[in-house]
$ cat coords.pdb   # PDB, C-alpha atoms
ATOM      1  CA  MET A   7       0.000   0.000   0.000
ATOM      2  CA  PRO A   8       1.472   3.414  -0.956
ATOM      3  CA  ARG A   9       2.633   5.617   1.917
ATOM      4  CA  HIS A  10       0.501   8.639   2.713
ATOM      5  CA  PHE A  11       2.138  12.062   2.648
ATOM      6  CA  PRO A  12       0.520  15.394   3.573
ATOM      7  CA  SER A  13      -0.177  17.714   0.641
ATOM      8  CA  THR A  14       1.289  21.175   0.074
ATOM      9  CA  ILE A  15       0.377  24.231  -2.014
ATOM     10  CA  ALA A  16       1.696  25.416  -5.365
ATOM     11  CA  GLY A  17       2.275  29.094  -4.611
ATOM     12  CA  THR A  18       1.731  32.068  -2.327
ATOM     13  CA  VAL A  19      -1.875  33.154  -1.761
ATOM     14  CA  GLU A  20      -3.191  36.294  -0.036
ATOM     15  CA  HIS A  21      -6.706  37.050   1.135
ATOM     16  CA  GLU A  22      -8.354  39.611   3.399
ATOM     17  CA  ILE A  23     -11.472  39.551   5.555
ATOM     18  CA  VAL A  24     -12.966  42.209   7.830
ATOM     19  CA  VAL A  25     -14.487  41.211  11.185
ATOM     20  CA  THR A  26     -16.124  43.967  13.275
ATOM     21  CA  ARG A  27     -13.889  46.614  11.701
ATOM     22  CA  SER A  28     -10.665  44.641  12.250
ATOM     23  CA  ARG A  29      -8.814  43.726   9.040
ATOM     24  CA  PHE A  30      -7.307  40.244   8.844
ATOM     25  CA  VAL A  31      -4.848  39.931   5.951
ATOM     26  CA  THR A  32      -3.683  36.343   5.443
ATOM     27  CA  THR A  33      -0.571  35.291   3.542
ATOM     28  CA  VAL A  34      -0.012  31.567   2.951
ATOM     29  CA  VAL A  35       3.354  30.531   1.532
ATOM     30  CA  PRO A  36       4.815  27.161   0.435
ATOM     31  CA  VAL A  37       8.201  26.612   2.092
ATOM     32  CA  SER A  38      11.064  24.127   2.053
ATOM     33  CA  GLY A  39      11.567  23.906   5.812
ATOM     34  CA  VAL A  40      11.599  25.764   9.134
ATOM     35  CA  GLU A  41      14.238  28.341   8.127
ATOM     36  CA  ASP A  42      12.422  29.124   4.899
ATOM     37  CA  ALA A  43       9.165  29.495   6.851
ATOM     38  CA  GLU A  44      10.796  31.876   9.314
ATOM     39  CA  ARG A  45      12.092  33.977   6.412
ATOM     40  CA  ALA A  46       8.571  34.125   4.997
ATOM     41  CA  VAL A  47       7.179  35.272   8.353
ATOM     42  CA  ALA A  48       9.885  37.943   8.626
ATOM     43  CA  GLU A  49       9.057  39.194   5.120
ATOM     44  CA  VAL A  50       5.354  39.542   5.989
ATOM     45  CA  ARG A  51       6.282  41.372   9.212
ATOM     46  CA  ARG A  52       8.373  43.841   7.208
ATOM     47  CA  ARG A  53       5.599  44.357   4.700
ATOM     48  CA  TYR A  54       2.984  44.954   7.394
ATOM     49  CA  CYS A  55       5.206  46.547  10.029
ATOM     50  CA  ASP A  56       2.429  49.022  10.936
ATOM     51  CA  ALA A  57       0.036  46.248  11.988
ATOM     52  CA  ARG A  58      -0.639  45.411  15.633
ATOM     53  CA  HIS A  59      -0.286  41.631  15.165
ATOM     54  CA  ASN A  60       1.347  39.259  12.677
ATOM     55  CA  CYS A  61       0.333  35.827  13.967
ATOM     56  CA  SER A  62       1.743  32.718  12.350
ATOM     57  CA  ALA A  63       1.496  28.950  12.066
ATOM     58  CA  MET A  64       3.682  26.554  10.128
ATOM     59  CA  VAL A  65       3.886  22.839   9.394
ATOM     60  CA  THR A  66       7.038  21.450   7.796
ATOM     61  CA  GLY A  67       8.684  18.144   6.936
ATOM     62  CA  VAL A  68       7.716  15.530   4.361
ATOM     63  CA  LEU A  69       5.506  13.854   6.976
ATOM     64  CA  GLY A  70       4.348  17.125   8.529
ATOM     65  CA  ASP A  71       6.080  16.237  11.779
ATOM     66  CA  GLN A  72       7.284  19.750  12.655
ATOM     67  CA  ALA A  73       4.875  22.488  13.709
ATOM     68  CA  ARG A  74       5.119  25.940  15.283
ATOM     69  CA  SER A  75       2.728  28.787  15.959
ATOM     70  CA  SER A  76       2.774  32.289  17.411
ATOM     71  CA  ASP A  77       0.000  34.465  18.851
ATOM     72  CA  ASP A  78       2.210  37.572  18.459
ATOM     73  CA  GLY A  79       0.571  39.485  21.282
ATOM     74  CA  GLU A  80      -2.976  38.167  20.944
ATOM     75  CA  PRO A  81      -4.372  36.355  24.027
ATOM     76  CA  SER A  82      -2.743  32.936  24.371
ATOM     77  CA  GLY A  83      -4.334  30.254  22.206
ATOM     78  CA  THR A  84      -6.594  32.589  20.214
ATOM     79  CA  ALA A  85      -4.541  32.943  17.027
ATOM     80  CA  GLY A  86      -1.550  30.704  16.308
ATOM     81  CA  VAL A  87      -3.046  27.436  17.535
ATOM     82  CA  PRO A  88      -6.384  27.867  15.694
ATOM     83  CA  MET A  89      -4.428  28.718  12.539
ATOM     84  CA  LEU A  90      -2.281  25.626  13.006
ATOM     85  CA  GLU A  91      -5.377  23.464  13.467
ATOM     86  CA  VAL A  92      -6.648  24.603  10.060
ATOM     87  CA  LEU A  93      -3.364  23.541   8.424
ATOM     88  CA  ARG A  94      -3.612  20.189  10.212
ATOM     89  CA  ARG A  95      -7.247  19.639   9.195
ATOM     90  CA  ARG A  96      -6.299  20.342   5.580
ATOM     91  CA  ASP A  97      -3.497  17.736   5.884
ATOM     92  CA  LEU A  98      -0.865  20.201   4.666
ATOM     93  CA  THR A  99       2.875  20.458   5.190
ATOM     94  CA  ASP A 100       5.748  22.694   4.055
ATOM     95  CA  VAL A 101       3.445  25.667   4.384
ATOM     96  CA  VAL A 102       3.334  28.753   6.611
ATOM     97  CA  ALA A 103       0.346  31.004   7.259
ATOM     98  CA  VAL A 104       0.673  34.554   8.569
ATOM     99  CA  VAL A 105      -2.419  36.523   9.562
ATOM    100  CA  THR A 106      -1.865  40.265   9.889
ATOM    101  CA  ARG A 107      -4.431  42.045  12.035
ATOM    102  CA  TYR A 108      -5.194  45.733  11.891
ATOM    103  CA  PHE A 109      -7.242  46.421  15.023
ATOM    104  CA  GLY A 110     -10.544  48.113  14.292
ATOM    105  CA  GLY A 111     -11.266  49.444  17.759
ATOM    106  CA  VAL A 112     -13.702  46.748  18.834
ATOM    107  CA  LYS A 113     -12.543  43.804  20.953
ATOM    108  CA  LEU A 114     -13.661  40.448  19.587
ATOM    109  CA  GLY A 115     -13.219  38.312  22.696
ATOM    110  CA  ALA A 116     -11.426  34.980  22.767
ATOM    111  CA  GLY A 117     -14.080  33.104  20.797
ATOM    112  CA  GLY A 118     -14.309  35.827  18.204
ATOM    113  CA  LEU A 119     -10.541  35.862  17.729
ATOM    114  CA  VAL A 120     -10.391  32.080  17.307
ATOM    115  CA  ARG A 121     -13.122  32.214  14.660
ATOM    116  CA  ALA A 122     -11.551  35.170  12.855
ATOM    117  CA  TYR A 123      -8.063  33.658  12.655
ATOM    118  CA  SER A 124      -9.382  30.228  11.691
ATOM    119  CA  THR A 125     -11.675  31.649   9.026
ATOM    120  CA  SER A 126      -8.896  33.832   7.622
ATOM    121  CA  VAL A 127      -6.612  30.859   7.021
ATOM    122  CA  SER A 128      -9.400  28.583   5.821
ATOM    123  CA  GLU A 129     -10.701  31.056   3.239
ATOM    124  CA  THR A 130      -7.186  31.724   1.982
ATOM    125  CA  LEU A 131      -6.460  28.017   1.560
ATOM    126  CA  ASP A 132      -9.703  27.695  -0.412
ATOM    127  CA  ARG A 133      -8.007  29.897  -3.000
ATOM    128  CA  ALA A 134      -4.753  27.909  -3.105
ATOM    129  CA  THR A 135      -3.775  25.234  -5.606
ATOM    130  CA  THR A 136      -3.119  22.036  -3.672
ATOM    131  CA  LEU A 137      -0.327  19.671  -4.656
ATOM    132  CA  GLN A 138      -0.606  16.006  -3.762
ATOM    133  CA  ARG A 139       2.605  14.376  -2.589
ATOM    134  CA  VAL A 140       3.286  10.848  -3.728
ATOM    135  CA  GLU A 141       6.278   8.525  -3.683
ATOM    136  CA  LEU A 142       7.265   7.599  -7.231
ATOM    137  CA  THR A 143       9.883   5.218  -8.621
ATOM    138  CA  ARG A 144      12.448   6.292 -11.194
ATOM    139  CA  VAL A 145      12.312   4.440 -14.490
ATOM    140  CA  ASP A 146      14.833   4.990 -17.308
ATOM    141  CA  VAL A 147      14.234   4.054 -20.921
ATOM    142  CA  THR A 148      16.953   4.341 -23.568
ATOM    143  CA  ALA A 149      16.020   4.476 -27.241
ATOM    144  CA  PRO A 150      17.929   4.916 -30.516
ATOM    145  CA  HIS A 151      17.501   8.281 -32.204
ATOM    146  CA  ALA A 152      15.524   6.743 -35.060
ATOM    147  CA  ASP A 153      12.792   5.616 -32.651
ATOM    148  CA  ALA A 154      12.974   8.499 -30.179
ATOM    149  CA  GLY A 155      10.028  10.498 -31.490
ATOM    150  CA  ARG A 156       7.650   7.549 -31.412
ATOM    151  CA  ILE A 157       8.833   6.392 -27.982
ATOM    152  CA  ASP A 158       8.513   9.933 -26.653
ATOM    153  CA  ASN A 159       4.860  10.006 -27.735
ATOM    154  CA  VAL A 160       4.157   6.574 -26.253
ATOM    155  CA  LEU A 161       5.711   7.450 -22.886
ATOM    156  CA  ARG A 162       4.101  10.885 -22.616
ATOM    157  CA  GLN A 163       0.685   9.414 -23.284
ATOM    158  CA  TRP A 164       1.312   6.643 -20.763
ATOM    159  CA  VAL A 165       2.402   9.140 -18.084
ATOM    160  CA  GLN A 166      -0.814  11.145 -18.461
ATOM    161  CA  GLN A 167      -2.916   8.022 -17.919
ATOM    162  CA  HIS A 168      -1.062   6.553 -14.921
ATOM    163  CA  GLY A 169      -0.314   9.364 -12.439
ATOM    164  CA  ALA A 170       3.357   9.500 -13.422
ATOM    165  CA  THR A 171       5.703  12.362 -14.364
ATOM    166  CA  PHE A 172       8.160  12.800 -17.207
ATOM    167  CA  ASP A 173      11.581  14.503 -17.127
ATOM    168  CA  PRO A 174      12.966  16.236 -20.235
ATOM    169  CA  PRO A 175      14.721  13.719 -22.515
ATOM    170  CA  THR A 176      18.514  13.664 -22.637
ATOM    171  CA  TYR A 177      20.360  13.368 -25.942
ATOM    172  CA  GLY A 178      23.679  11.631 -26.551
ATOM    173  CA  SER A 179      24.575   8.601 -28.628
ATOM    174  CA  THR A 180      21.047   7.481 -27.684
ATOM    175  CA  VAL A 181      18.021   9.273 -26.246
ATOM    176  CA  GLY A 182      17.312   8.830 -22.545
ATOM    177  CA  PHE A 183      13.836   9.105 -21.063
ATOM    178  CA  THR A 184      13.274   9.331 -17.309
ATOM    179  CA  LEU A 185       9.846   8.703 -15.823
ATOM    180  CA  TRP A 186       8.661   8.783 -12.211
ATOM    181  CA  VAL A 187       6.067   6.055 -11.814
ATOM    182  CA  PRO A 188       3.747   4.763  -9.053
ATOM    183  CA  GLU A 189       5.065   1.449  -7.784
ATOM    184  CA  ASP A 190       1.879  -0.388  -8.639
ATOM    185  CA  ALA A 191       2.166   0.747 -12.291
ATOM    186  CA  LEU A 192       5.707  -0.529 -12.934
ATOM    187  CA  ASP A 193       4.616  -3.875 -14.355
ATOM    188  CA  VAL A 194       2.044  -2.167 -16.567
ATOM    189  CA  LEU A 195       4.711   0.170 -17.963
ATOM    190  CA  GLY A 196       7.038  -2.730 -18.705
ATOM    191  CA  ALA A 197       4.317  -4.674 -20.494
ATOM    192  CA  GLU A 198       3.082  -1.718 -22.551
ATOM    193  CA  LEU A 199       6.590  -0.628 -23.507
ATOM    194  CA  ALA A 200       7.408  -4.151 -24.633
ATOM    195  CA  ALA A 201       4.207  -4.291 -26.671
ATOM    196  CA  ALA A 202       4.932  -0.906 -28.279
ATOM    197  CA  THR A 203       8.494  -1.860 -29.272
ATOM    198  CA  GLY A 204       8.142  -5.546 -30.042
ATOM    199  CA  GLY A 205      10.135  -6.319 -26.919
ATOM    200  CA  ALA A 206      13.109  -4.229 -28.063
ATOM    201  CA  LEU A 207      13.016  -1.812 -25.100
ATOM    202  CA  ALA A 208      12.695  -2.512 -21.388
ATOM    203  CA  PRO A 209      12.518  -0.026 -18.492
ATOM    204  CA  LEU A 210      15.346   0.178 -15.976
ATOM    205  CA  VAL A 211      13.878   0.636 -12.482
ATOM    206  CA  GLY A 212      15.776   2.855 -10.025
ATOM    207  CA  GLY A 213      15.201   4.565  -6.679
ATOM    208  CA  THR A 214      12.270   6.554  -5.325
ATOM    209  CA  ARG A 215      11.522  10.163  -4.454
ATOM    210  CA  VAL A 216       8.545  12.159  -3.206
ATOM    211  CA  VAL A 217       6.977  14.230  -5.987
ATOM    212  CA  ASP A 218       4.394  17.033  -5.884
ATOM    213  CA  LEU A 219       1.523  16.560  -8.322
ATOM    214  CA  PRO A 220      -1.526  18.777  -8.940
ATOM    215  CA  THR A 221      -4.667  17.327  -7.389
ATOM    216  CA  THR A 222      -7.286  16.190  -9.857
TER     217      THR A 222
END
$ encode --input "coords.pdb" --output "structure tokens"
Amino acid sequence: MPRHFPSTIAGTVEHEIVVTRSRFVTTVVPVSGVEDAERAVAEVRRRYCDARHNCSAMVTGVLGDQARSSDDGEPSGTAGVPMLEVLRRRDLTDVVAVVTRYFGGVKLGAGGLVRAYSTSVSETLDRATTLQRVELTRVDVTAPHADAGRIDNVLRQWVQQHGATFDPPTYGSTVGFTLWVPEDALDVLGAELAAATGGALAPLVGGTRVVDLPTT
């Protein structure tokens, strides 16, 4: 059974809501780790240095096993933790959310703050493109130049139908194709490649890596 990995997002998303005259500006950023997330938080703080609060929550690591949050001056537990819970519910990792609050003069109370910060992150994530993370196996196929165009078409079509990815071909004395394939599709690839080439070509199976794919 394939391992499950939390998803991530494709790019930075910003969104703003207003709750009882307070502005909540949310910035959600894909990151590569804790240091990258901290840089993203610092950048938002610089951009909104006139705001009263820049609360944050981050989840990092391939398995989402690292998490941090900050209330940044809001009452304890009313901002960072609710934001973090939204990231957890969405099963996301390698992402940081920063909610910038411009106080509108009306106190929201603890419950109101929790709802406002949670809603801010949730609505922003609704606007993000989610990337599914899967573990794929490297497969190399080498073809003579005379057959490269046809093999390229066969492999590209196969990739689209089987949740795989395709690296740019490499050209030398032969043409090299590298695919990243779900483990349970390896036998299918071997059989279909053999059928398409009369048994002349066979895939060479290598190691694995975690790949981000757009959700369908």
$ closest_residue --input "coords.pdb" --among "A:Leu131, A:Val216, A:Leu199, A:Val140" --to "A:Trp164" --atoms "all atoms listed in the file"
A:Leu199
$ atom_distance --input "coords.pdb" --atom1 "atom CA of A:Thr176" --atom2 "atom CA of A:Leu207"
16.6 Å
$ closest_residue --input "coords.pdb" --among "A:Thr66, A:Thr106, A:Thr214, A:Thr184" --to "A:Glu22" --atoms "only C-alpha atoms"
A:Thr106
$ resolve_selection --input "coords.pdb" --expression "the PyMOL selection byres ((chain A and resi 76-80) around 7)" --output "NGL selection string"
:A and (59-63 or 75 or 81-86)
$ write_last_selection --input "coords.pdb" --atoms "C-alpha atoms" --output "mmCIF file, in the frame of the given file"
data_model
loop_
_atom_site.group_PDB
_atom_site.id
_atom_site.type_symbol
_atom_site.label_atom_id
_atom_site.label_comp_id
_atom_site.auth_asym_id
_atom_site.auth_seq_id
_atom_site.Cartn_x
_atom_site.Cartn_y
_atom_site.Cartn_z
ATOM 1 C CA HIS A 59 -0.286 41.631 15.165
ATOM 2 C CA ASN A 60 1.347 39.259 12.677
ATOM 3 C CA CYS A 61 0.333 35.827 13.967
ATOM 4 C CA SER A 62 1.743 32.718 12.350
ATOM 5 C CA ALA A 63 1.496 28.950 12.066
ATOM 6 C CA SER A 75 2.728 28.787 15.959
ATOM 7 C CA PRO A 81 -4.372 36.355 24.027
ATOM 8 C CA SER A 82 -2.743 32.936 24.371
ATOM 9 C CA GLY A 83 -4.334 30.254 22.206
ATOM 10 C CA THR A 84 -6.594 32.589 20.214
ATOM 11 C CA ALA A 85 -4.541 32.943 17.027
ATOM 12 C CA GLY A 86 -1.550 30.704 16.308
#
$ closest_residue --input "coords.pdb" --among "A:Gln138, A:Glu20, A:Phe30, A:Val181" --to "A:Leu119" --atoms "only C-alpha atoms"
A:Phe30
$ atom_distance --input "coords.pdb" --atom1 "atom CA of A:Ala73" --atom2 "atom CA of A:Leu93"
9.8 Å
$ resolve_selection --input "coords.pdb" --expression "the PyMOL selection byres ((chain A and resi 186) around 10)" --output "MDAnalysis selection string"
chainID A and resid 141:146 165 169:173 184:185 187:189 192 211:217
$ resolve_selection --input "coords.pdb" --expression "the PyMOL selection byres ((chain A and resi 179) around 9)" --output "compact mmCIF listing (two decimals) with C-alpha atoms, keeping the file's coordinate frame"
# COMPACT_ATOMS: atom_id res chain seq x y z
CA PRO A 150 17.93 4.92 -30.52
CA HIS A 151 17.50 8.28 -32.20
CA TYR A 177 20.36 13.37 -25.94
CA GLY A 178 23.68 11.63 -26.55
CA THR A 180 21.05 7.48 -27.68
CA VAL A 181 18.02 9.27 -26.25
$ atom_distance --input "coords.pdb" --atom1 "atom CA of A:Arg107" --atom2 "atom CA of A:Gln72"
25.2 Å
$ residues_around --input "coords.pdb" --residues "A:Val50" --least-positions-apart "4" --cutoff "12 Å" --atoms "only C-alpha atoms" --output "PyMOL selection string"
chain A and resi 18+20+31-35+43-46+54-57+59-62+102-107
$ closest_residue --input "coords.pdb" --among "A:Asp158, A:Gly204, A:Val47, A:Arg139" --to "A:Thr221" --atoms "all atoms listed in the file"
A:Arg139
$ axis_aligned_box --input "coords.pdb" --around "stretch 138-147 of chain A" --padding-each-side "3 Å" --output "lines of an AutoDock Vina configuration file"
center_x = 7.1
center_y = 10.0
center_z = -11.8
size_x = 21.4
size_y = 18.0
size_z = 24.3
$ closest_residue --input "coords.pdb" --among "A:Val68, A:Thr130, A:Glu41, A:Arg58" --to "A:Arg29" --atoms "all atoms listed in the file"
A:Arg58
$ residues_around --input "coords.pdb" --residues "A:Val92" --least-positions-apart "6" --cutoff "7 Å" --atoms "all atoms listed in the file" --output "ChimeraX atom specification"
/A:124,127-128
$ closest_residue --input "coords.pdb" --among "A:Ala206, A:Leu69, A:Ala200, A:Ile23" --to "A:His10" --atoms "only C-alpha atoms"
A:Leu69
$ decode --input "coords.pdb" --residues "stretch 71-97 of chain A" --atoms "N, CA, C and O atoms" --output "tab-separated table (two decimals), in the first residue's frame"
chain	number	residue	atom	x	y	z
A	71	ASP	N	5.80	16.55	10.39
A	71	ASP	CA	6.08	16.24	11.78
A	71	ASP	C	6.66	17.40	12.57
A	71	ASP	O	6.98	17.25	13.75
A	72	GLN	N	6.80	18.57	11.95
A	72	GLN	CA	7.28	19.75	12.66
A	72	GLN	C	6.23	20.85	12.55
A	72	GLN	O	5.74	21.14	11.47
A	73	ALA	N	5.91	21.46	13.69
A	73	ALA	CA	4.87	22.49	13.71
A	73	ALA	C	5.22	23.56	14.73
A	73	ALA	O	5.77	23.27	15.79
A	74	ARG	N	4.92	24.80	14.38
A	74	ARG	CA	5.12	25.94	15.28
A	74	ARG	C	3.98	26.93	15.07
A	74	ARG	O	3.38	26.98	14.00
A	75	SER	N	3.72	27.73	16.10
A	75	SER	CA	2.73	28.79	15.96
A	75	SER	C	3.06	29.92	16.91
A	75	SER	O	3.78	29.74	17.89
A	76	SER	N	2.55	31.10	16.59
A	76	SER	CA	2.77	32.29	17.41
A	76	SER	C	1.52	33.14	17.46
A	76	SER	O	0.90	33.41	16.42
A	77	ASP	N	1.15	33.57	18.68
A	77	ASP	CA	0.00	34.46	18.85
A	77	ASP	C	0.40	35.92	18.66
A	77	ASP	O	-0.49	36.78	18.51
A	78	ASP	N	1.68	36.23	18.69
A	78	ASP	CA	2.21	37.57	18.46
A	78	ASP	C	1.42	38.65	19.19
A	78	ASP	O	0.97	39.63	18.58
A	79	GLY	N	1.22	38.45	20.48
A	79	GLY	CA	0.57	39.48	21.28
A	79	GLY	C	-0.92	39.31	21.48
A	79	GLY	O	-1.52	39.99	22.34
A	80	GLU	N	-1.57	38.47	20.69
A	80	GLU	CA	-2.98	38.17	20.94
A	80	GLU	C	-3.07	37.28	22.19
A	80	GLU	O	-2.09	36.63	22.59
A	81	PRO	N	-4.23	37.23	22.85
A	81	PRO	CA	-4.37	36.35	24.03
A	81	PRO	C	-3.98	34.91	23.69
A	81	PRO	O	-4.27	34.41	22.60
A	82	SER	N	-3.29	34.27	24.61
A	82	SER	CA	-2.74	32.94	24.37
A	82	SER	C	-3.80	31.96	23.85
A	82	SER	O	-4.89	31.84	24.43
A	83	GLY	N	-3.46	31.28	22.76
A	83	GLY	CA	-4.33	30.25	22.21
A	83	GLY	C	-5.44	30.75	21.30
A	83	GLY	O	-6.23	29.95	20.80
A	84	THR	N	-5.49	32.06	21.03
A	84	THR	CA	-6.59	32.59	20.21
A	84	THR	C	-6.23	32.80	18.75
A	84	THR	O	-7.11	33.10	17.94
A	85	ALA	N	-4.96	32.64	18.40
A	85	ALA	CA	-4.54	32.94	17.03
A	85	ALA	C	-3.70	31.83	16.43
A	85	ALA	O	-4.13	31.10	15.53
A	86	GLY	N	-2.47	31.66	16.91
A	86	GLY	CA	-1.55	30.70	16.31
A	86	GLY	C	-2.06	29.28	16.31
A	86	GLY	O	-2.01	28.59	15.28
A	87	VAL	N	-2.57	28.82	17.45
A	87	VAL	CA	-3.05	27.44	17.53
A	87	VAL	C	-4.26	27.20	16.64
A	87	VAL	O	-4.30	26.20	15.90
A	88	PRO	N	-5.27	28.07	16.64
A	88	PRO	CA	-6.38	27.87	15.69
A	88	PRO	C	-5.93	27.87	14.24
A	88	PRO	O	-6.46	27.11	13.42
A	89	MET	N	-4.96	28.71	13.90
A	89	MET	CA	-4.43	28.72	12.54
A	89	MET	C	-3.75	27.39	12.22
A	89	MET	O	-3.94	26.82	11.14
A	90	LEU	N	-2.97	26.90	13.18
A	90	LEU	CA	-2.28	25.63	13.01
A	90	LEU	C	-3.28	24.48	12.83
A	90	LEU	O	-3.06	23.57	12.01
A	91	GLU	N	-4.37	24.53	13.58
A	91	GLU	CA	-5.38	23.46	13.47
A	91	GLU	C	-5.99	23.42	12.07
A	91	GLU	O	-6.31	22.34	11.56
A	92	VAL	N	-6.13	24.58	11.43
A	92	VAL	CA	-6.65	24.60	10.06
A	92	VAL	C	-5.66	23.91	9.12
A	92	VAL	O	-6.06	23.09	8.27
A	93	LEU	N	-4.37	24.20	9.26
A	93	LEU	CA	-3.36	23.54	8.42
A	93	LEU	C	-3.39	22.03	8.64
A	93	LEU	O	-3.27	21.26	7.69
A	94	ARG	N	-3.56	21.62	9.91
A	94	ARG	CA	-3.61	20.19	10.21
A	94	ARG	C	-4.86	19.54	9.62
A	94	ARG	O	-4.79	18.44	9.05
A	95	ARG	N	-5.99	20.20	9.75
A	95	ARG	CA	-7.25	19.64	9.20
A	95	ARG	C	-7.16	19.49	7.68
A	95	ARG	O	-7.74	18.56	7.11
A	96	ARG	N	-6.46	20.41	7.04
A	96	ARG	CA	-6.30	20.34	5.58
A	96	ARG	C	-5.22	19.33	5.17
A	96	ARG	O	-5.01	19.12	3.99
A	97	ASP	N	-4.54	18.73	6.14
A	97	ASP	CA	-3.50	17.74	5.88
A	97	ASP	C	-2.41	18.33	5.00
A	97	ASP	O	-2.02	17.76	3.98
